[in-house]
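Structure first, then comments.
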Amino acid sequence: MTQIDLDSRDRKLLALLEQDCRMSHADLAERVGMSTSACWRRIRAFEEAGLIERYAAILRPEALGDSFHAIVHVQLTRHEPAHLADFIRAITSRDEVRECYATTGQADYHLRIRCRDIDAYNRFLEQFLFTMPAVSSAQTNVVLRDLKR
(Lines give C-alpha, C1' and ligand atoms only; values in the text may rest on other atoms or scores of the structure.)
Protein backbone atom coordinates (compact mmCIF):
# COMPACT_ATOMS: atom_id res chain seq x y z
CA MET A 1 0.00 0.00 0.00
CA THR A 2 1.33 3.41 -1.00
CA GLN A 3 1.04 6.46 1.25
CA ILE A 4 -0.79 9.40 -0.37
CA ASP A 5 -0.92 12.92 1.04
CA LEU A 6 -4.59 13.88 1.09
CA ASP A 7 -5.78 17.45 0.79
CA SER A 8 -9.29 18.67 1.61
CA ARG A 9 -10.48 18.05 -1.96
CA ASP A 10 -9.23 14.44 -1.81
CA ARG A 11 -11.03 13.89 1.48
CA LYS A 12 -14.23 15.36 0.05
CA LEU A 13 -13.91 13.12 -3.02
CA LEU A 14 -13.43 10.04 -0.84
CA ALA A 15 -16.41 11.01 1.35
CA LEU A 16 -18.60 11.38 -1.74
CA LEU A 17 -17.48 7.97 -3.02
CA GLU A 18 -18.21 6.46 0.36
CA GLN A 19 -21.74 7.92 0.28
CA ASP A 20 -22.47 6.82 -3.30
CA CYS A 21 -19.83 4.92 -5.25
CA ARG A 22 -22.09 4.86 -8.32
CA MET A 23 -21.93 8.64 -8.75
CA SER A 24 -20.47 9.47 -12.16
CA HIS A 25 -16.96 10.88 -12.43
CA ALA A 26 -18.48 14.01 -14.00
CA ASP A 27 -20.77 14.56 -10.97
CA LEU A 28 -17.95 13.85 -8.53
CA ALA A 29 -15.62 16.22 -10.37
CA GLU A 30 -18.19 19.00 -10.36
CA ARG A 31 -18.86 18.61 -6.62
CA VAL A 32 -15.15 18.78 -5.70
CA GLY A 33 -14.18 21.41 -8.28
CA MET A 34 -11.92 19.55 -10.70
CA SER A 35 -12.04 18.27 -14.26
CA THR A 36 -13.57 14.88 -14.97
CA SER A 37 -10.27 13.45 -16.21
CA ALA A 38 -8.39 14.73 -13.14
CA CYS A 39 -11.08 13.24 -10.91
CA TRP A 40 -10.82 9.87 -12.68
CA ARG A 41 -7.02 9.90 -12.33
CA ARG A 42 -7.27 10.75 -8.62
CA ILE A 43 -9.75 7.93 -7.97
CA ARG A 44 -7.50 5.54 -9.89
CA ALA A 45 -4.54 6.64 -7.71
CA PHE A 46 -6.64 6.00 -4.57
CA GLU A 47 -7.44 2.50 -5.83
CA GLU A 48 -3.83 1.71 -6.71
CA ALA A 49 -2.60 3.01 -3.36
CA GLY A 50 -5.09 0.81 -1.50
CA LEU A 51 -7.13 3.66 -0.01
CA ILE A 52 -10.25 2.23 -1.63
CA GLU A 53 -10.58 -1.36 -0.48
CA ARG A 54 -13.65 -2.21 -2.58
CA TYR A 55 -16.96 -0.91 -3.87
CA ALA A 56 -20.18 -2.32 -2.45
CA ALA A 57 -23.94 -2.01 -2.28
CA ILE A 58 -25.36 -1.19 1.15
CA LEU A 59 -28.45 -3.35 1.65
CA ARG A 60 -31.40 -2.61 3.93
CA PRO A 61 -31.53 -5.69 6.20
CA GLU A 62 -35.13 -4.95 7.23
CA ALA A 63 -36.21 -5.10 3.58
CA LEU A 64 -34.57 -8.53 3.37
CA GLY A 65 -36.43 -9.76 6.46
CA ASP A 66 -33.58 -9.34 8.97
CA SER A 67 -35.21 -6.98 11.45
CA PHE A 68 -33.39 -8.21 14.59
CA HIS A 69 -30.13 -6.35 15.17
CA ALA A 70 -27.77 -6.83 18.12
CA ILE A 71 -24.21 -6.30 19.26
CA VAL A 72 -22.88 -9.34 21.11
CA HIS A 73 -19.88 -9.15 23.43
CA VAL A 74 -18.22 -12.58 23.59
CA GLN A 75 -15.79 -13.64 26.26
CA LEU A 76 -13.65 -16.72 25.67
CA THR A 77 -12.62 -19.30 28.25
CA ARG A 78 -9.79 -20.76 26.22
CA HIS A 79 -7.27 -18.80 24.24
CA GLU A 80 -5.54 -21.91 22.93
CA PRO A 81 -4.64 -21.53 19.25
CA ALA A 82 -6.76 -24.49 18.10
CA HIS A 83 -9.89 -23.30 19.97
CA LEU A 84 -9.34 -19.76 18.78
CA ALA A 85 -8.96 -20.88 15.16
CA ASP A 86 -12.15 -22.96 15.45
CA PHE A 87 -14.03 -19.99 16.91
CA ILE A 88 -12.88 -17.62 14.17
CA ARG A 89 -13.61 -20.12 11.41
CA ALA A 90 -17.10 -20.82 12.78
CA ILE A 91 -17.99 -17.15 13.38
CA THR A 92 -16.87 -16.02 9.93
CA SER A 93 -18.96 -18.74 8.29
CA ARG A 94 -22.28 -17.65 9.83
CA ASP A 95 -24.62 -15.39 7.84
CA GLU A 96 -26.03 -13.84 11.02
CA VAL A 97 -22.60 -12.45 11.91
CA ARG A 98 -22.25 -9.32 9.78
CA GLU A 99 -19.12 -8.03 11.50
CA CYS A 100 -16.69 -9.41 14.06
CA TYR A 101 -13.97 -7.50 15.91
CA ALA A 102 -11.25 -8.79 18.23
CA THR A 103 -10.90 -6.13 20.91
CA THR A 104 -9.22 -5.18 24.14
CA GLY A 105 -11.25 -4.89 27.32
CA GLN A 106 -13.59 -7.26 29.11
CA ALA A 107 -14.98 -8.92 25.97
CA ASP A 108 -12.61 -10.66 23.56
CA TYR A 109 -14.85 -10.30 20.50
CA HIS A 110 -17.71 -8.05 19.47
CA LEU A 111 -20.18 -9.36 16.90
CA ARG A 112 -22.78 -7.42 14.96
CA ILE A 113 -25.67 -9.80 14.40
CA ARG A 114 -28.61 -9.52 11.99
CA CYS A 115 -31.34 -12.13 11.75
CA ARG A 116 -35.08 -12.46 11.18
CA ASP A 117 -36.33 -12.12 14.76
CA ILE A 118 -35.65 -12.86 18.43
CA ASP A 119 -36.44 -16.56 17.93
CA ALA A 120 -33.83 -16.84 15.18
CA TYR A 121 -31.34 -15.07 17.43
CA ASN A 122 -32.12 -17.43 20.30
CA ARG A 123 -31.46 -20.41 17.99
CA PHE A 124 -28.14 -18.79 16.97
CA LEU A 125 -27.16 -18.55 20.64
CA GLU A 126 -28.35 -21.97 21.79
CA GLN A 127 -27.52 -24.09 18.75
CA PHE A 128 -24.33 -22.35 17.71
CA LEU A 129 -22.58 -19.84 19.94
CA PHE A 130 -23.08 -21.57 23.28
CA THR A 131 -22.04 -24.95 21.87
CA MET A 132 -18.54 -23.70 21.11
CA PRO A 133 -15.92 -24.88 23.65
CA ALA A 134 -14.02 -21.58 23.53
CA VAL A 135 -17.03 -19.41 24.48
CA SER A 136 -17.37 -18.54 28.16
CA SER A 137 -20.16 -15.98 27.94
CA ALA A 138 -22.00 -13.62 25.65
CA GLN A 139 -23.71 -10.38 26.53
CA THR A 140 -26.27 -9.06 24.07
CA ASN A 141 -27.14 -5.45 23.44
CA VAL A 142 -30.18 -5.14 21.18
CA VAL A 143 -29.89 -2.25 18.74
CA LEU A 144 -32.96 -0.04 19.01
CA ARG A 145 -32.15 2.15 16.00
CA ASP A 146 -29.23 3.05 13.76
CA LEU A 147 -28.05 6.61 14.29
CA LYS A 148 -25.05 6.52 11.94
CA ARG A 149 -23.92 3.83 9.54
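Within each chain, counting starts at residue 1; across the C-alpha coordinates, chains are named A, B, ... in the order shown, with ligands numbered 1 upward in that order.
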Test item: residues at most 12 Å from A:His25, only C-alpha atoms, excluding those fewer than 5 positions along its chain, as a PyMOL selection string: chain A and resi 13+16-17+20+30-44
Contacts of A:Tyr121 within 12 Å, only C-alpha atoms, excl. fewer than 3 positions in-chain, as a list of chain:residue names: A:Asp66, A:Ser67, A:Phe68, A:His69, A:Ala70, A:Ile71, A:Val72, A:Asp95, A:Glu96, A:Val97, A:Arg112, A:Ile113, A:Arg114, A:Cys115, A:Arg116, A:Asp117, A:Ile118, A:Phe124, A:Leu125, A:Glu126, A:Gln127, A:Phe128, A:Leu129, A:Thr140, A:Val142
One-decimal distance in Å that lies between atom CA of A:Val74 and atom CA of A:His110: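 Calculated distance between atom CA of A:His110 and atom CA of A:Val74 is 6.1 Å.
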Residue list (strand (DSSP E), DSSP) for chain A, as a ChimeraX atom specification: /A:68-76,97-102,109-115,135-142
Output N, CA, C and O atoms for every residue in that selection, as a CSV table (one decimal), in the first residue's frame.
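Resulting contents of selection_33.csv:
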```
chain,number,residue,atom,x,y,z
A,68,PHE,N,-34.1,-8.1,13.3
A,68,PHE,CA,-33.4,-8.2,14.6
A,68,PHE,C,-31.9,-7.8,14.4
A,68,PHE,O,-31.2,-8.4,13.6
A,69,HIS,N,-31.5,-6.9,15.3
A,69,HIS,CA,-30.1,-6.3,15.2
A,69,HIS,C,-29.6,-6.3,16.6
A,69,HIS,O,-30.2,-5.7,17.5
A,70,ALA,N,-28.4,-6.9,16.8
A,70,ALA,CA,-27.8,-6.8,18.1
A,70,ALA,C,-26.2,-6.8,18.0
A,70,ALA,O,-25.7,-7.1,17.0
A,71,ILE,N,-25.7,-6.3,19.1
A,71,ILE,CA,-24.2,-6.3,19.3
A,71,ILE,C,-24.0,-7.3,20.4
A,71,ILE,O,-24.6,-7.2,21.5
A,72,VAL,N,-23.1,-8.3,20.1
A,72,VAL,CA,-22.9,-9.3,21.1
A,72,VAL,C,-21.4,-9.3,21.5
A,72,VAL,O,-20.5,-9.3,20.7
A,73,HIS,N,-21.2,-9.2,22.8
A,73,HIS,CA,-19.9,-9.2,23.4
A,73,HIS,C,-19.5,-10.6,23.9
A,73,HIS,O,-20.2,-11.1,24.8
A,74,VAL,N,-18.6,-11.2,23.3
A,74,VAL,CA,-18.2,-12.6,23.6
A,74,VAL,C,-16.9,-12.7,24.4
A,74,VAL,O,-15.9,-12.1,24.0
A,75,GLN,N,-17.0,-13.4,25.5
A,75,GLN,CA,-15.8,-13.6,26.3
A,75,GLN,C,-15.4,-15.1,26.1
A,75,GLN,O,-16.3,-16.0,26.2
A,76,LEU,N,-14.1,-15.4,25.9
A,76,LEU,CA,-13.7,-16.7,25.7
A,76,LEU,C,-13.1,-17.3,27.0
A,76,LEU,O,-12.6,-16.6,27.8
A,97,VAL,N,-23.7,-13.3,11.4
A,97,VAL,CA,-22.6,-12.5,11.9
A,97,VAL,C,-22.2,-11.6,10.8
A,97,VAL,O,-21.5,-12.0,9.8
A,98,ARG,N,-22.6,-10.3,10.8
A,98,ARG,CA,-22.3,-9.3,9.8
A,98,ARG,C,-20.9,-8.7,10.0
A,98,ARG,O,-20.2,-8.3,9.0
A,99,GLU,N,-20.4,-8.6,11.2
A,99,GLU,CA,-19.1,-8.0,11.5
A,99,GLU,C,-18.6,-8.7,12.8
A,99,GLU,O,-19.4,-9.1,13.6
A,100,CYS,N,-17.3,-8.8,12.9
A,100,CYS,CA,-16.7,-9.4,14.1
A,100,CYS,C,-15.4,-8.7,14.3
A,100,CYS,O,-14.6,-8.5,13.4
A,101,TYR,N,-15.2,-8.2,15.5
A,101,TYR,CA,-14.0,-7.5,15.9
A,101,TYR,C,-13.3,-8.2,17.1
A,101,TYR,O,-14.0,-8.4,18.1
A,102,ALA,N,-12.0,-8.4,17.1
A,102,ALA,CA,-11.3,-8.8,18.2
A,102,ALA,C,-10.9,-7.5,18.9
A,102,ALA,O,-10.3,-6.6,18.3
A,109,TYR,N,-14.3,-10.5,21.8
A,109,TYR,CA,-14.8,-10.3,20.5
A,109,TYR,C,-16.2,-9.6,20.6
A,109,TYR,O,-16.9,-9.8,21.5
A,110,HIS,N,-16.4,-8.7,19.6
A,110,HIS,CA,-17.7,-8.1,19.5
A,110,HIS,C,-18.3,-8.4,18.1
A,110,HIS,O,-17.6,-8.3,17.1
A,111,LEU,N,-19.5,-8.9,18.1
A,111,LEU,CA,-20.2,-9.4,16.9
A,111,LEU,C,-21.4,-8.5,16.6
A,111,LEU,O,-22.1,-8.1,17.5
A,112,ARG,N,-21.5,-8.1,15.4
A,112,ARG,CA,-22.8,-7.4,15.0
A,112,ARG,C,-23.6,-8.5,14.3
A,112,ARG,O,-23.2,-9.1,13.3
A,113,ILE,N,-24.8,-8.7,14.8
A,113,ILE,CA,-25.7,-9.8,14.4
A,113,ILE,C,-26.9,-9.2,13.8
A,113,ILE,O,-27.5,-8.3,14.3
A,114,ARG,N,-27.3,-9.8,12.7
A,114,ARG,CA,-28.6,-9.5,12.0
A,114,ARG,C,-29.3,-10.8,11.7
A,114,ARG,O,-28.7,-11.8,11.2
A,115,CYS,N,-30.5,-11.0,12.1
A,115,CYS,CA,-31.3,-12.1,11.8
A,115,CYS,C,-32.8,-11.8,11.7
A,115,CYS,O,-33.2,-10.6,12.0
A,135,VAL,N,-16.2,-20.5,24.0
A,135,VAL,CA,-17.0,-19.4,24.5
A,135,VAL,C,-17.4,-19.6,25.9
A,135,VAL,O,-17.9,-20.6,26.4
A,136,SER,N,-17.0,-18.6,26.7
A,136,SER,CA,-17.4,-18.5,28.2
A,136,SER,C,-18.7,-17.9,28.4
A,136,SER,O,-19.6,-18.4,29.1
A,137,SER,N,-18.9,-16.7,27.8
A,137,SER,CA,-20.2,-16.0,27.9
A,137,SER,C,-20.4,-15.0,26.8
A,137,SER,O,-19.5,-14.7,26.0
A,138,ALA,N,-21.6,-14.6,26.7
A,138,ALA,CA,-22.0,-13.6,25.7
A,138,ALA,C,-23.0,-12.7,26.2
A,138,ALA,O,-24.0,-13.1,26.9
A,139,GLN,N,-22.8,-11.4,26.1
A,139,GLN,CA,-23.7,-10.4,26.5
A,139,GLN,C,-24.3,-9.7,25.3
A,139,GLN,O,-23.5,-9.3,24.4
A,140,THR,N,-25.6,-9.6,25.2
A,140,THR,CA,-26.3,-9.1,24.1
A,140,THR,C,-26.8,-7.7,24.4
A,140,THR,O,-27.4,-7.4,25.4
A,141,ASN,N,-26.5,-6.8,23.4
A,141,ASN,CA,-27.1,-5.4,23.4
A,141,ASN,C,-28.0,-5.4,22.2
A,141,ASN,O,-27.4,-5.4,21.1
A,142,VAL,N,-29.3,-5.3,22.3
A,142,VAL,CA,-30.2,-5.1,21.2
A,142,VAL,C,-30.1,-3.7,20.7
A,142,VAL,O,-30.2,-2.7,21.4
```
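Picture a line from atom CA of A:Asn122 to atom CA of A:Leu147; it runs 25.1 Å.
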Closest of A:Gln19, A:Asp146, A:Glu47, A:Ala90 to A:Pro61 - atom-to-atom distances counting only C-alpha atoms: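 Closest candidate: A:Asp146.
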Helix (DSSP H, G or I) positions in stretch 4-52 of chain A, given as number ranges by chain: A: 8-19, 25-32, 36-49
Just the selected residues (N, CA, C and O atoms), exported as a short mmCIF file (atom, residue, chain, number, x, y, z; two decimals), in the first residue's frame, please.
```cif
data_model
loop_
_atom_site.label_atom_id
_atom_site.label_comp_id
_atom_site.auth_asym_id
_atom_site.auth_seq_id
_atom_site.Cartn_x
_atom_site.Cartn_y
_atom_site.Cartn_z
N SER A 8 -7.86 18.61 1.28
CA SER A 8 -9.29 18.67 1.61
C SER A 8 -10.15 18.22 0.42
O SER A 8 -11.20 17.60 0.62
N ARG A 9 -9.72 18.48 -0.79
CA ARG A 9 -10.48 18.05 -1.96
C ARG A 9 -10.47 16.52 -2.08
O ARG A 9 -11.49 15.91 -2.40
N ASP A 10 -9.31 15.90 -1.80
CA ASP A 10 -9.23 14.44 -1.81
C ASP A 10 -10.17 13.83 -0.78
O ASP A 10 -10.87 12.86 -1.05
N ARG A 11 -10.17 14.41 0.41
CA ARG A 11 -11.03 13.89 1.48
C ARG A 11 -12.50 14.05 1.12
O ARG A 11 -13.31 13.16 1.38
N LYS A 12 -12.85 15.15 0.49
CA LYS A 12 -14.23 15.36 0.05
C LYS A 12 -14.60 14.34 -1.03
O LYS A 12 -15.69 13.76 -1.00
N LEU A 13 -13.68 14.09 -1.96
CA LEU A 13 -13.91 13.12 -3.02
C LEU A 13 -14.12 11.72 -2.43
O LEU A 13 -15.05 11.00 -2.80
N LEU A 14 -13.29 11.35 -1.48
CA LEU A 14 -13.43 10.04 -0.84
C LEU A 14 -14.74 9.94 -0.06
O LEU A 14 -15.41 8.90 -0.09
N ALA A 15 -15.14 11.01 0.61
CA ALA A 15 -16.41 11.01 1.35
C ALA A 15 -17.59 10.85 0.39
O ALA A 15 -18.54 10.10 0.69
N LEU A 16 -17.54 11.52 -0.75
CA LEU A 16 -18.60 11.38 -1.74
C LEU A 16 -18.66 9.95 -2.28
O LEU A 16 -19.75 9.39 -2.45
N LEU A 17 -17.52 9.35 -2.56
CA LEU A 17 -17.48 7.97 -3.02
C LEU A 17 -18.04 7.01 -1.97
O LEU A 17 -18.73 6.06 -2.29
N GLU A 18 -17.72 7.31 -0.72
CA GLU A 18 -18.21 6.46 0.36
C GLU A 18 -19.73 6.55 0.48
O GLU A 18 -20.41 5.57 0.78
N GLN A 19 -20.28 7.73 0.23
CA GLN A 19 -21.74 7.92 0.28
C GLN A 19 -22.43 7.26 -0.89
O GLN A 19 -23.51 6.67 -0.75
N HIS A 25 -18.17 10.08 -12.61
CA HIS A 25 -16.96 10.88 -12.43
C HIS A 25 -17.25 12.35 -12.73
O HIS A 25 -16.68 13.23 -12.07
N ALA A 26 -18.12 12.62 -13.67
CA ALA A 26 -18.48 14.01 -14.00
C ALA A 26 -19.14 14.69 -12.80
O ALA A 26 -18.81 15.83 -12.46
N ASP A 27 -20.09 13.99 -12.14
CA ASP A 27 -20.77 14.56 -10.97
C ASP A 27 -19.80 14.74 -9.80
O ASP A 27 -19.82 15.76 -9.11
N LEU A 28 -18.95 13.74 -9.60
CA LEU A 28 -17.95 13.85 -8.53
C LEU A 28 -17.03 15.03 -8.77
O LEU A 28 -16.76 15.83 -7.87
N ALA A 29 -16.54 15.14 -10.02
CA ALA A 29 -15.62 16.22 -10.37
C ALA A 29 -16.25 17.58 -10.14
O ALA A 29 -15.61 18.49 -9.59
N GLU A 30 -17.50 17.72 -10.54
CA GLU A 30 -18.19 19.00 -10.36
C GLU A 30 -18.33 19.35 -8.89
O GLU A 30 -18.11 20.50 -8.49
N ARG A 31 -18.63 18.35 -8.05
CA ARG A 31 -18.86 18.61 -6.62
C ARG A 31 -17.57 18.93 -5.87
O ARG A 31 -17.62 19.59 -4.83
N VAL A 32 -16.42 18.47 -6.39
CA VAL A 32 -15.15 18.78 -5.70
C VAL A 32 -14.35 19.86 -6.42
O VAL A 32 -13.30 20.26 -5.94
N THR A 36 -13.19 16.29 -15.01
CA THR A 36 -13.57 14.88 -14.97
C THR A 36 -12.36 13.97 -15.10
O THR A 36 -12.22 12.99 -14.37
N SER A 37 -11.45 14.30 -16.02
CA SER A 37 -10.27 13.45 -16.21
C SER A 37 -9.36 13.48 -14.98
O SER A 37 -8.80 12.45 -14.57
N ALA A 38 -9.20 14.63 -14.36
CA ALA A 38 -8.39 14.73 -13.14
C ALA A 38 -9.04 13.93 -12.01
O ALA A 38 -8.33 13.27 -11.23
N CYS A 39 -10.34 13.99 -11.93
CA CYS A 39 -11.08 13.24 -10.91
C CYS A 39 -10.88 11.74 -11.12
O CYS A 39 -10.58 11.00 -10.18
N TRP A 40 -11.01 11.29 -12.37
CA TRP A 40 -10.82 9.87 -12.68
C TRP A 40 -9.41 9.43 -12.30
O TRP A 40 -9.24 8.37 -11.71
N ARG A 41 -8.41 10.25 -12.65
CA ARG A 41 -7.02 9.90 -12.33
C ARG A 41 -6.81 9.83 -10.82
O ARG A 41 -6.09 8.97 -10.31
N ARG A 42 -7.44 10.73 -10.09
CA ARG A 42 -7.27 10.75 -8.62
C ARG A 42 -7.90 9.50 -8.00
O ARG A 42 -7.31 8.86 -7.13
N ILE A 43 -9.08 9.14 -8.47
CA ILE A 43 -9.75 7.93 -7.97
C ILE A 43 -8.90 6.70 -8.28
O ILE A 43 -8.72 5.82 -7.44
N ARG A 44 -8.37 6.66 -9.48
CA ARG A 44 -7.50 5.54 -9.89
C ARG A 44 -6.27 5.47 -8.97
O ARG A 44 -5.86 4.38 -8.56
N ALA A 45 -5.69 6.61 -8.62
CA ALA A 45 -4.54 6.64 -7.71
C ALA A 45 -4.95 6.14 -6.32
O ALA A 45 -4.18 5.40 -5.68
N PHE A 46 -6.15 6.50 -5.86
CA PHE A 46 -6.64 6.00 -4.57
C PHE A 46 -6.76 4.48 -4.59
O PHE A 46 -6.38 3.80 -3.64
N GLU A 47 -7.29 3.94 -5.70
CA GLU A 47 -7.44 2.50 -5.83
C GLU A 47 -6.08 1.81 -5.82
O GLU A 47 -5.87 0.82 -5.11
N GLU A 48 -5.16 2.32 -6.61
CA GLU A 48 -3.83 1.71 -6.71
C GLU A 48 -3.05 1.79 -5.40
O GLU A 48 -2.26 0.89 -5.08
N ALA A 49 -3.29 2.85 -4.64
CA ALA A 49 -2.60 3.01 -3.36
C ALA A 49 -3.25 2.20 -2.24
O ALA A 49 -2.69 2.09 -1.15
#
```
So that I can see what lies close to A:His79, please list as a PDB file with N, CA and C atoms, in the first residue's frame the residues with an atom at most 10 Å from it, counting only C-alpha atoms and leaving out residues fewer than 4 positions away in the same chain.
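And here is the file that came out, around11.pdb:
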```pdb
ATOM      1  N   HIS A  83      -8.542 -23.757  19.633  1.00  0.00           N
ATOM      2  CA  HIS A  83      -9.894 -23.301  19.972  1.00  0.00           C
ATOM      3  C   HIS A  83     -10.179 -21.941  19.334  1.00  0.00           C
ATOM      4  N   LEU A  84      -9.188 -21.085  19.364  1.00  0.00           N
ATOM      5  CA  LEU A  84      -9.342 -19.759  18.784  1.00  0.00           C
ATOM      6  C   LEU A  84      -9.563 -19.858  17.273  1.00  0.00           C
ATOM      7  N   ALA A  85      -8.796 -20.685  16.602  1.00  0.00           N
ATOM      8  CA  ALA A  85      -8.958 -20.877  15.156  1.00  0.00           C
ATOM      9  C   ALA A  85     -10.338 -21.446  14.838  1.00  0.00           C
ATOM     10  N   ASP A 108     -13.672 -10.346  24.520  1.00  0.00           N
ATOM     11  CA  ASP A 108     -12.610 -10.657  23.560  1.00  0.00           C
ATOM     12  C   ASP A 108     -13.032 -10.337  22.131  1.00  0.00           C
ATOM     13  N   ALA A 134     -14.805 -22.761  23.169  1.00  0.00           N
ATOM     14  CA  ALA A 134     -14.020 -21.580  23.525  1.00  0.00           C
ATOM     15  C   ALA A 134     -14.855 -20.469  24.162  1.00  0.00           C
ATOM     16  N   VAL A 135     -16.177 -20.512  24.008  1.00  0.00           N
ATOM     17  CA  VAL A 135     -17.034 -19.414  24.478  1.00  0.00           C
ATOM     18  C   VAL A 135     -17.376 -19.584  25.949  1.00  0.00           C
TER      19      VAL A 135
END
```
d(atom CA of A:Phe130, atom CA of A:Ser93) in Å: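 Atom CA of A:Ser93 lies at a distance of 15.8 Å from atom CA of A:Phe130.
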